[in-house]
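Undergrad: Here you go, one structure.
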Amino acid sequence: MFAESGFVGRKVEQDISIPITERDHHHDAWRVSRRAVYQYHHPVYHGRVKYWLRMALPEWRSRPSRVQGVRLRVGDTEADGWLVEDIDAIARRTLEEKMDSILLRTAARVVTKMLVTKAAEEENDILGFLVNLFGSGTEAADTRGWTSLPGAIWMARIEPPPGTGQVALEFLDAEGRVIDTHVFTDVETSSAPVFLNWRSFE
């Protein structure tokens, strides 16, 4: 028996501001970007702030499920299931592992827009304003994701008596109480394994 529960979390946008000091300021976008990554992990800074680098980054937002366990029941026989994959935790860890590269690319993009804006302002104030307006309006974090995935996958195994009968799948909360149930009817059991699957949206 394979059981799925809940929903995987999703990425949301967060706005952060990183100080770029006069010492850090440079016209090389990648150099400033690498400094921004360092400042992100080490928020203490020294020196006069030249400007604040404002960026939009993805942040993981979990959607907690009430399901904390599963159980199979056939007549008076029952069997507890076990967690196979915590998909939400995997997705969160994957984003965390990619965050430095995401931050570096985002900082480089923002710094490049800023340098283009400054160059445009030197040519014409109105042109600089329009370039800055366009850059601000197009700055957004990548929050795409497959949000319909389950948050967790469980597995359970039971050996019912031969024949045709019912198999009940129970979803349990943290206290072991049944919060959702699905009954498979007319399940034919023999010497060959029978695979069943169901999802709870709790």
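Following the order of the structure tokens, chains are lettered A, B, ..., residues in each are numbered from 1, and ligands are numbered from 1.
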Leaving out segment 32-41 of chain A and any residue of its chain fewer than 4 positions from it, which residues lie within 6 Å of it when counting only C-alpha atoms, given as a VMD selection string?
TA: chain A and resid 104 107 to 108
Undergrad: I need the chosen residues saved as a PDB file, in the first residue's frame, with C-alpha atoms.
TA:
```pdb
ATOM      1  CA  LEU A 104      24.460  35.534  -6.895  1.00  0.00           C
ATOM      2  CA  ALA A 107      22.390  40.313  -7.213  1.00  0.00           C
ATOM      3  CA  ALA A 108      24.190  40.441 -10.570  1.00  0.00           C
TER       4      ALA A 108
END
```
Undergrad: Show me, as a tab-separated table, the residues of segment 32-85 of chain A having an atom within 10 Å of segment 179-192 of chain A, each with the closest atom pair and its distance in Å, using only C-alpha atoms.
TA:
```
residue	atom	partner	partner_atom	distance
A:Arg66	CA	A:Ile179	CA	8.1
A:Val67	CA	A:Ile179	CA	7.7
A:Val70	CA	A:Asp180	CA	9.6
A:Arg71	CA	A:Thr181	CA	9.6
A:Leu72	CA	A:Val183	CA	9.8
A:Arg73	CA	A:Val183	CA	9.3
A:Val74	CA	A:Val183	CA	9.9
```
Undergrad: With C-alpha atoms retained, export the selected residues as a compact mmCIF listing (two decimals), in the first residue's frame.
TA:
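Final file, again-v6.txt:
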```txt
# COMPACT_ATOMS: atom_id res chain seq x y z
CA ARG A 66 -2.38 16.92 9.98
CA VAL A 67 -1.35 13.44 8.85
CA VAL A 70 -0.95 5.70 8.40
CA ARG A 71 -2.41 2.32 9.30
CA LEU A 72 -3.94 -0.57 7.38
CA ARG A 73 -6.81 -2.57 8.82
CA VAL A 74 -8.35 -5.84 7.62
```
Undergrad: Which of these, A:Ala152, A:Val178, A:Val84, A:Ile20, has the shortest distance to Ser65 of chain A once you count only C-alpha atoms?
TA: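 Using only C-alpha atoms, the shortest distance to Ser65 of chain A belongs to A:Ala152.
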Undergrad: Give me, as a short mmCIF file (atom, residue, chain, number, x, y, z; two decimals) with C-alpha atoms, in the first residue's frame, all polymer residues having an atom no more than 12 Å from segment 78-82 of chain A, counting only C-alpha atoms and skipping those fewer than 3 positions away in the same chain.
TA:
```cif
data_model
loop_
_atom_site.label_atom_id
_atom_site.label_comp_id
_atom_site.auth_asym_id
_atom_site.auth_seq_id
_atom_site.Cartn_x
_atom_site.Cartn_y
_atom_site.Cartn_z
CA MET A 1 0.00 0.00 0.00
CA PHE A 2 1.26 3.45 -0.97
CA ALA A 3 -0.41 6.42 0.69
CA GLU A 4 0.07 10.12 -0.01
CA VAL A 67 -1.35 13.44 8.85
CA GLN A 68 1.51 12.05 10.94
CA GLY A 69 1.06 8.35 10.26
CA VAL A 70 -0.95 5.70 8.40
CA ARG A 71 -2.41 2.32 9.30
CA LEU A 72 -3.94 -0.57 7.38
CA ARG A 73 -6.81 -2.57 8.82
CA VAL A 74 -8.35 -5.84 7.62
CA GLY A 75 -10.95 -7.12 10.04
CA GLU A 85 9.62 10.20 1.47
CA ASP A 86 9.15 13.61 3.05
CA ALA A 152 4.67 13.01 2.11
CA ILE A 153 4.52 9.42 0.84
CA TRP A 154 3.86 6.50 3.19
CA MET A 155 3.99 2.74 2.83
CA ALA A 156 2.23 -0.03 4.73
CA ARG A 157 2.01 -3.79 4.34
CA ILE A 158 -0.49 -6.32 5.62
CA GLU A 159 -1.23 -9.99 4.94
CA PRO A 160 -5.00 -10.48 4.77
CA VAL A 167 -9.01 -3.12 3.25
CA ALA A 168 -9.24 0.08 5.29
CA LEU A 169 -6.54 2.73 5.09
CA GLU A 170 -6.49 5.08 8.08
CA PHE A 171 -4.64 8.39 8.24
CA LEU A 172 -3.55 9.34 11.76
CA GLY A 176 -2.69 8.56 16.81
#
```
Undergrad: Give the helix (DSSP H, G or I) residues of chain A, as DSSP finds them on the backbone, and put them as number ranges by chain.
TA: A: 29-41, 87-123, 125-137
Undergrad: Include C-alpha atoms and write out the residues we just selected as a PDB file, in the first residue's frame.
TA:
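So the final result, stored in selection.pdb, reads:
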```
ATOM      1  CA  ALA A  29      28.599  43.665 -11.299  1.00  0.00           C
ATOM      2  CA  TRP A  30      29.947  40.208 -10.445  1.00  0.00           C
ATOM      3  CA  ARG A  31      32.323  41.567  -7.819  1.00  0.00           C
ATOM      4  CA  VAL A  32      29.512  43.432  -6.074  1.00  0.00           C
ATOM      5  CA  SER A  33      27.280  40.367  -6.407  1.00  0.00           C
ATOM      6  CA  ARG A  34      29.804  38.095  -4.703  1.00  0.00           C
ATOM      7  CA  ARG A  35      30.084  40.667  -1.928  1.00  0.00           C
ATOM      8  CA  ALA A  36      26.294  40.659  -1.607  1.00  0.00           C
ATOM      9  CA  VAL A  37      26.311  36.873  -1.099  1.00  0.00           C
ATOM     10  CA  TYR A  38      28.883  37.309   1.676  1.00  0.00           C
ATOM     11  CA  GLN A  39      26.822  40.054   3.323  1.00  0.00           C
ATOM     12  CA  TYR A  40      23.723  37.850   3.133  1.00  0.00           C
ATOM     13  CA  HIS A  41      25.427  35.211   5.288  1.00  0.00           C
ATOM     14  CA  ILE A  87       8.734  15.484  -0.229  1.00  0.00           C
ATOM     15  CA  ASP A  88       8.284  18.842   1.487  1.00  0.00           C
ATOM     16  CA  ALA A  89      11.606  18.472   3.334  1.00  0.00           C
ATOM     17  CA  ILE A  90      13.364  17.427   0.115  1.00  0.00           C
ATOM     18  CA  ALA A  91      12.009  20.460  -1.757  1.00  0.00           C
ATOM     19  CA  ARG A  92      13.016  22.805   1.077  1.00  0.00           C
ATOM     20  CA  ARG A  93      16.534  21.362   1.233  1.00  0.00           C
ATOM     21  CA  THR A  94      16.908  21.611  -2.554  1.00  0.00           C
ATOM     22  CA  LEU A  95      16.030  25.312  -2.482  1.00  0.00           C
ATOM     23  CA  GLU A  96      18.432  25.936   0.412  1.00  0.00           C
ATOM     24  CA  GLU A  97      21.261  24.230  -1.493  1.00  0.00           C
ATOM     25  CA  LYS A  98      20.600  26.420  -4.543  1.00  0.00           C
ATOM     26  CA  MET A  99      20.156  29.669  -2.597  1.00  0.00           C
ATOM     27  CA  ASP A 100      23.729  30.936  -2.989  1.00  0.00           C
ATOM     28  CA  SER A 101      23.645  30.586  -6.779  1.00  0.00           C
ATOM     29  CA  ILE A 102      20.153  32.138  -6.886  1.00  0.00           C
ATOM     30  CA  LEU A 103      21.373  35.018  -4.726  1.00  0.00           C
ATOM     31  CA  LEU A 104      24.460  35.534  -6.895  1.00  0.00           C
ATOM     32  CA  ARG A 105      22.470  35.650 -10.142  1.00  0.00           C
ATOM     33  CA  THR A 106      19.810  37.892  -8.610  1.00  0.00           C
ATOM     34  CA  ALA A 107      22.390  40.313  -7.213  1.00  0.00           C
ATOM     35  CA  ALA A 108      24.190  40.441 -10.570  1.00  0.00           C
ATOM     36  CA  ARG A 109      20.920  41.222 -12.335  1.00  0.00           C
ATOM     37  CA  VAL A 110      19.987  43.959  -9.849  1.00  0.00           C
ATOM     38  CA  VAL A 111      23.464  45.523  -9.912  1.00  0.00           C
ATOM     39  CA  THR A 112      23.482  45.488 -13.718  1.00  0.00           C
ATOM     40  CA  LYS A 113      20.100  47.249 -13.778  1.00  0.00           C
ATOM     41  CA  MET A 114      21.423  49.804 -11.305  1.00  0.00           C
ATOM     42  CA  LEU A 115      24.527  50.518 -13.402  1.00  0.00           C
ATOM     43  CA  VAL A 116      22.403  50.855 -16.549  1.00  0.00           C
ATOM     44  CA  THR A 117      20.103  53.264 -14.696  1.00  0.00           C
ATOM     45  CA  LYS A 118      23.037  55.404 -13.529  1.00  0.00           C
ATOM     46  CA  ALA A 119      24.433  55.513 -17.055  1.00  0.00           C
ATOM     47  CA  ALA A 120      21.019  56.556 -18.385  1.00  0.00           C
ATOM     48  CA  GLU A 121      20.699  59.262 -15.713  1.00  0.00           C
ATOM     49  CA  GLU A 122      24.009  60.736 -16.823  1.00  0.00           C
ATOM     50  CA  GLU A 123      22.567  61.045 -20.309  1.00  0.00           C
ATOM     51  CA  ASP A 125      17.151  62.451 -16.090  1.00  0.00           C
ATOM     52  CA  ILE A 126      13.889  61.376 -17.712  1.00  0.00           C
ATOM     53  CA  LEU A 127      15.580  58.470 -19.483  1.00  0.00           C
ATOM     54  CA  GLY A 128      17.154  57.413 -16.200  1.00  0.00           C
ATOM     55  CA  PHE A 129      13.769  57.538 -14.472  1.00  0.00           C
ATOM     56  CA  LEU A 130      12.150  55.385 -17.168  1.00  0.00           C
ATOM     57  CA  VAL A 131      14.960  52.824 -17.102  1.00  0.00           C
ATOM     58  CA  ASN A 132      14.764  52.630 -13.306  1.00  0.00           C
ATOM     59  CA  LEU A 133      10.972  52.266 -13.439  1.00  0.00           C
ATOM     60  CA  PHE A 134      11.257  49.409 -15.933  1.00  0.00           C
ATOM     61  CA  GLY A 135      13.954  47.685 -13.885  1.00  0.00           C
ATOM     62  CA  SER A 136      11.932  47.903 -10.672  1.00  0.00           C
ATOM     63  CA  GLY A 137       8.787  46.644 -12.361  1.00  0.00           C
TER      64      GLY A 137
END
```
Undergrad: Write out as a ChimeraX atom specification all residues of chain A that backbone DSSP assigns to strand (DSSP E).
TA: /A:2-5,10-21,49-61,69-74,77-80,82-85,152-155,163-172,178-189,197-200
Undergrad: Can you tell me how far atom CA of Thr21 of chain A sits from atom CA of Glu59 of chain A, in Å to one decimal?
TA: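 Spanning atom CA of Thr21 of chain A to atom CA of Glu59 of chain A is a straight-line distance of 25.7 Å.
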Undergrad: As a short mmCIF file (atom, residue, chain, number, x, y, z; two decimals) with C-alpha atoms, in the first residue's frame, please: the residues near Phe201 of chain A (cut-off 8 Å, only C-alpha atoms, same-chain neighbours under 6 positions excluded).
TA:
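Saved the output as out-v7.cif:
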```cif
data_model
loop_
_atom_site.label_atom_id
_atom_site.label_comp_id
_atom_site.auth_asym_id
_atom_site.auth_seq_id
_atom_site.Cartn_x
_atom_site.Cartn_y
_atom_site.Cartn_z
CA SER A 5 -0.82 12.96 2.32
CA GLY A 6 -1.13 16.74 2.26
CA PHE A 7 0.50 19.13 -0.16
#
```
